[in-house]
Amino acid sequence: MTQRTHLDDFLHGRIIGRLECERTQLEVSDELGTAQSVISRSWQRFQDDGNVSRRYSTGRPRVTTPNEDRYLPVTAKRNRRSTASDLSRQLSSATGTTISRQTLCRRLGQIGLYARRPVRCVPLAATHCRLRLACSREHALWTLQQWACVMFYDESGFSLQSDSRLHMESSRTDLHVQIGTMTSQIYQDVILEQHVRLSRGAMGAHFVFMDDNARPHPASIVSECLQSEDITRMDWPAFSPDLNPVEHMPSTVEHMWDMPSRRVAAHQLPPTCLPELRRALLFEWCNIPQDQIDNLILSMLRRCTDCIASSGRHIMY
């Protein structure tokens, strides 16, 4: 599609000058290389108001008033789940002004409000589904005694001014609080050497260690440390927090990481520094009932079964 161009005032003057010299519009069109319809419109405008300059155009009149423009973001923020069509109908019923959903999106976009598609979980590719399905089929027939020998690991961030990393294992252990970012070297020196290695010695050859695919975990020094200590590592598929019992509790129990954080936030005097935050988290961690942690491990059989039934897609955990 060609872009429309406008004649400047000088060319308009040439057109009017030749027509005043009793030249025909066809002759002027051939001489200047301009369409005859343009010549005709210029001559007609000159005869109407004596001016050939391009008129200033404001475009299509704005449909909504300033008050209606202020009403739209208030309505959108009041119900974040409303669609553009819903907001358009609400505006029409409240003010009588009807606008299209595209116009409504532009109005909201001018103040930084954009449509978002709600996503319940991370989208899975075909490869992810295949790996999740293979992992579930491999462990679907495990007994409760085998799952009891698995140490589940996870981290969660609690911060005031810096990042604090915590890890939890399948059985009752002390909560470890890491001030700063968890690196592969810290992961090896603190988590593996001080926690995983000791649990391996206590449980024996049936011990299995499970960690997710966070950045420090696949490092070469971590793999070498596990091999040197003869620690069996469970192959965990990517994008599988729903399979990790530490990430999510059953529907009847709160989220494991939410429990300490909610209780800490409910304190009459919330922590104001990292040592206070650490003491509060350790206190709340010790108050989590052991039967809730045991129920997490028992849910692994159901998780594997549900993942197989869904062909490797996300499950309701």
# chains A, B, ... in the order shown; residues from 1 in each chain; ligands from 1

$ residues_around --residues "Arg233 of chain A" --least-positions-apart "2" --cutoff "7 Å" --atoms "only C-alpha atoms" --output "NGL selection string"
:A and (208-210 or 231 or 235)

$ select_by_dssp --residues "segment 83-203 of chain A" --states "helix (DSSP H, G or I)" --output "ChimeraX atom specification"
/A:84-95,101-109,126-139,144-148,184-203

$ atom_distance --atom1 "atom CA of Arg278 of chain A" --atom2 "atom CA of Ile186 of chain A"
18.2 Å

$ atom_distance --atom1 "atom CA of Thr98 of chain A" --atom2 "atom CA of Arg81 of chain A"
20.6 Å

$ atom_distance --atom1 "atom CA of Gln178 of chain A" --atom2 "atom CA of Pro245 of chain A"
21.7 Å

$ residues_around --residues "Cys149 of chain A" --least-positions-apart "4" --cutoff "9 Å" --atoms "only C-alpha atoms" --output "list in words"
Leu144, Gln145, Ser170, Met203, His206, Phe207, Val208 and Phe209 of chain A

$ write_last_selection --atoms "C-alpha atoms" --output "compact mmCIF listing (two decimals), in the first residue's frame"
# COMPACT_ATOMS: atom_id res chain seq x y z
CA LEU A 144 6.90 -45.86 51.01
CA GLN A 145 10.12 -47.27 52.42
CA SER A 170 12.34 -34.72 53.84
CA MET A 203 20.73 -43.87 55.99
CA HIS A 206 19.60 -46.71 50.06
CA PHE A 207 19.93 -42.96 50.48
CA VAL A 208 18.80 -40.81 47.49
CA PHE A 209 19.24 -37.06 47.21

$ residues_around --residues "segment 107-118 of chain A" --least-positions-apart "5" --cutoff "12 Å" --atoms "only C-alpha atoms" --output "list in words"
Arg62, Val63, Thr64, Thr65, Pro66, Glu68, Asp69, Arg70, Tyr71, Leu72, Pro73, Val74, Thr75, Ala76, Lys77, Arg80, Arg81, Ser82, Thr83, Ala84, Ser85, Leu87, Ser88, Ile99, Ser100, Arg101, Gln102 and Pro123 of chain A

$ write_last_selection --atoms "N, CA, C and O atoms" --output "compact mmCIF listing (two decimals), in the first residue's frame"
# COMPACT_ATOMS: atom_id res chain seq x y z
N ARG A 62 -12.54 12.84 19.84
CA ARG A 62 -12.41 11.89 20.94
C ARG A 62 -13.79 11.54 21.46
O ARG A 62 -14.61 12.42 21.76
N VAL A 63 -14.05 10.25 21.59
CA VAL A 63 -15.38 9.80 21.98
C VAL A 63 -15.62 10.01 23.47
O VAL A 63 -16.70 10.43 23.89
N THR A 64 -14.62 9.71 24.28
CA THR A 64 -14.79 9.78 25.73
C THR A 64 -14.41 11.15 26.25
O THR A 64 -13.54 11.84 25.71
N THR A 65 -15.04 11.53 27.33
CA THR A 65 -14.75 12.78 28.00
C THR A 65 -13.63 12.57 29.02
O THR A 65 -13.31 11.42 29.37
N PRO A 66 -13.03 13.64 29.54
CA PRO A 66 -12.00 13.47 30.59
C PRO A 66 -12.52 12.71 31.81
O PRO A 66 -11.76 11.93 32.41
N GLU A 68 -14.80 10.39 31.83
CA GLU A 68 -14.90 8.98 31.46
C GLU A 68 -13.52 8.35 31.37
O GLU A 68 -13.35 7.16 31.69
N ASP A 69 -12.52 9.13 30.94
CA ASP A 69 -11.16 8.61 30.90
C ASP A 69 -10.65 8.30 32.30
O ASP A 69 -9.86 7.35 32.50
N ARG A 70 -11.07 9.07 33.30
CA ARG A 70 -10.68 8.78 34.68
C ARG A 70 -11.48 7.62 35.27
O ARG A 70 -11.01 6.91 36.16
N TYR A 71 -12.69 7.43 34.76
CA TYR A 71 -13.53 6.34 35.25
C TYR A 71 -13.00 4.98 34.83
O TYR A 71 -13.10 4.00 35.59
N LEU A 72 -12.41 4.90 33.64
CA LEU A 72 -11.95 3.61 33.11
C LEU A 72 -10.86 2.96 33.98
O LEU A 72 -10.99 1.78 34.34
N PRO A 73 -9.76 3.66 34.32
CA PRO A 73 -8.75 2.99 35.15
C PRO A 73 -9.25 2.63 36.54
O PRO A 73 -8.82 1.63 37.11
N VAL A 74 -10.17 3.44 37.10
CA VAL A 74 -10.72 3.10 38.41
C VAL A 74 -11.49 1.78 38.33
O VAL A 74 -11.37 0.90 39.20
N THR A 75 -12.28 1.62 37.27
CA THR A 75 -13.04 0.38 37.11
C THR A 75 -12.12 -0.81 36.84
O THR A 75 -12.35 -1.91 37.36
N ALA A 76 -11.07 -0.59 36.05
CA ALA A 76 -10.15 -1.68 35.73
C ALA A 76 -9.38 -2.14 36.97
O ALA A 76 -9.15 -3.33 37.16
N LYS A 77 -8.96 -1.20 37.81
CA LYS A 77 -8.21 -1.57 39.01
C LYS A 77 -9.11 -2.18 40.07
O LYS A 77 -8.63 -2.94 40.92
N ARG A 80 -9.42 -6.68 38.69
CA ARG A 80 -8.30 -6.96 37.79
C ARG A 80 -8.60 -8.04 36.78
O ARG A 80 -7.89 -8.18 35.78
N ARG A 81 -9.63 -8.82 37.01
CA ARG A 81 -9.95 -9.92 36.11
C ARG A 81 -10.94 -9.52 35.02
O ARG A 81 -11.35 -10.35 34.21
N SER A 82 -11.36 -8.27 35.01
CA SER A 82 -12.30 -7.81 33.98
C SER A 82 -11.62 -7.75 32.63
O SER A 82 -10.47 -7.35 32.50
N THR A 83 -12.34 -8.17 31.59
CA THR A 83 -11.82 -8.09 30.23
C THR A 83 -12.15 -6.73 29.64
O THR A 83 -12.93 -5.95 30.20
N ALA A 84 -11.57 -6.44 28.48
CA ALA A 84 -11.84 -5.17 27.81
C ALA A 84 -13.31 -5.06 27.42
O ALA A 84 -13.91 -3.97 27.51
N SER A 85 -13.91 -6.16 27.01
CA SER A 85 -15.33 -6.13 26.67
C SER A 85 -16.19 -5.85 27.90
O SER A 85 -17.18 -5.09 27.82
N LEU A 87 -15.29 -4.12 30.58
CA LEU A 87 -15.12 -2.71 30.94
C LEU A 87 -15.87 -1.80 29.98
O LEU A 87 -16.42 -0.76 30.39
N SER A 88 -15.89 -2.18 28.70
CA SER A 88 -16.63 -1.37 27.73
C SER A 88 -18.13 -1.38 28.04
O SER A 88 -18.80 -0.33 27.95
N ILE A 99 -17.77 2.50 23.40
CA ILE A 99 -16.48 2.49 22.73
C ILE A 99 -16.10 1.05 22.46
O ILE A 99 -16.58 0.12 23.11
N SER A 100 -15.23 0.86 21.49
CA SER A 100 -14.77 -0.48 21.15
C SER A 100 -13.73 -0.94 22.16
O SER A 100 -13.16 -0.15 22.91
N ARG A 101 -13.48 -2.24 22.17
CA ARG A 101 -12.46 -2.77 23.08
C ARG A 101 -11.07 -2.29 22.71
O ARG A 101 -10.21 -2.14 23.58
N GLN A 102 -10.82 -2.04 21.40
CA GLN A 102 -9.52 -1.51 21.00
C GLN A 102 -9.30 -0.11 21.56
O GLN A 102 -8.21 0.23 22.04
N PRO A 123 4.34 -22.85 31.15
CA PRO A 123 3.99 -23.70 30.00
C PRO A 123 5.06 -24.76 29.77
O PRO A 123 6.26 -24.50 29.90

$ closest_residue --among "A:Gly33, A:Gly201, A:Gly312, A:Pro289" --to "Ser240 of chain A" --atoms "only C-alpha atoms"
A:Gly312

$ residues_around --residues "Arg313 of chain A" --least-positions-apart "4" --cutoff "10 Å" --atoms "only C-alpha atoms" --output "CSV table (one decimal) with C-alpha atoms, in the first residue's frame"
chain,number,residue,atom,x,y,z
A,123,PRO,CA,4.0,-23.7,30.0
A,124,LEU,CA,5.5,-27.1,29.2
A,125,ALA,CA,7.1,-28.0,25.9
A,126,ALA,CA,6.8,-31.5,24.5
A,128,HIS,CA,9.4,-31.3,29.3
A,129,CYS,CA,6.2,-33.5,29.2
A,130,ARG,CA,8.2,-36.4,28.0
A,132,ARG,CA,8.2,-35.6,33.4
A,133,LEU,CA,6.3,-38.7,32.2
A,240,SER,CA,8.3,-29.6,37.9
A,306,ASP,CA,-1.5,-38.1,38.5
A,307,CYS,CA,1.4,-37.1,36.2
A,308,ILE,CA,1.2,-40.3,34.3
A,309,ALA,CA,-2.6,-39.9,33.9

$ residues_around --residues "Leu243 of chain A" --least-positions-apart "3" --cutoff "10 Å" --atoms "only C-alpha atoms" --output "VMD selection string"
chain A and resid 132 135 to 136 236 to 237 239 to 240 246 to 248 299 to 300 302 to 304 306 to 307 314 to 317
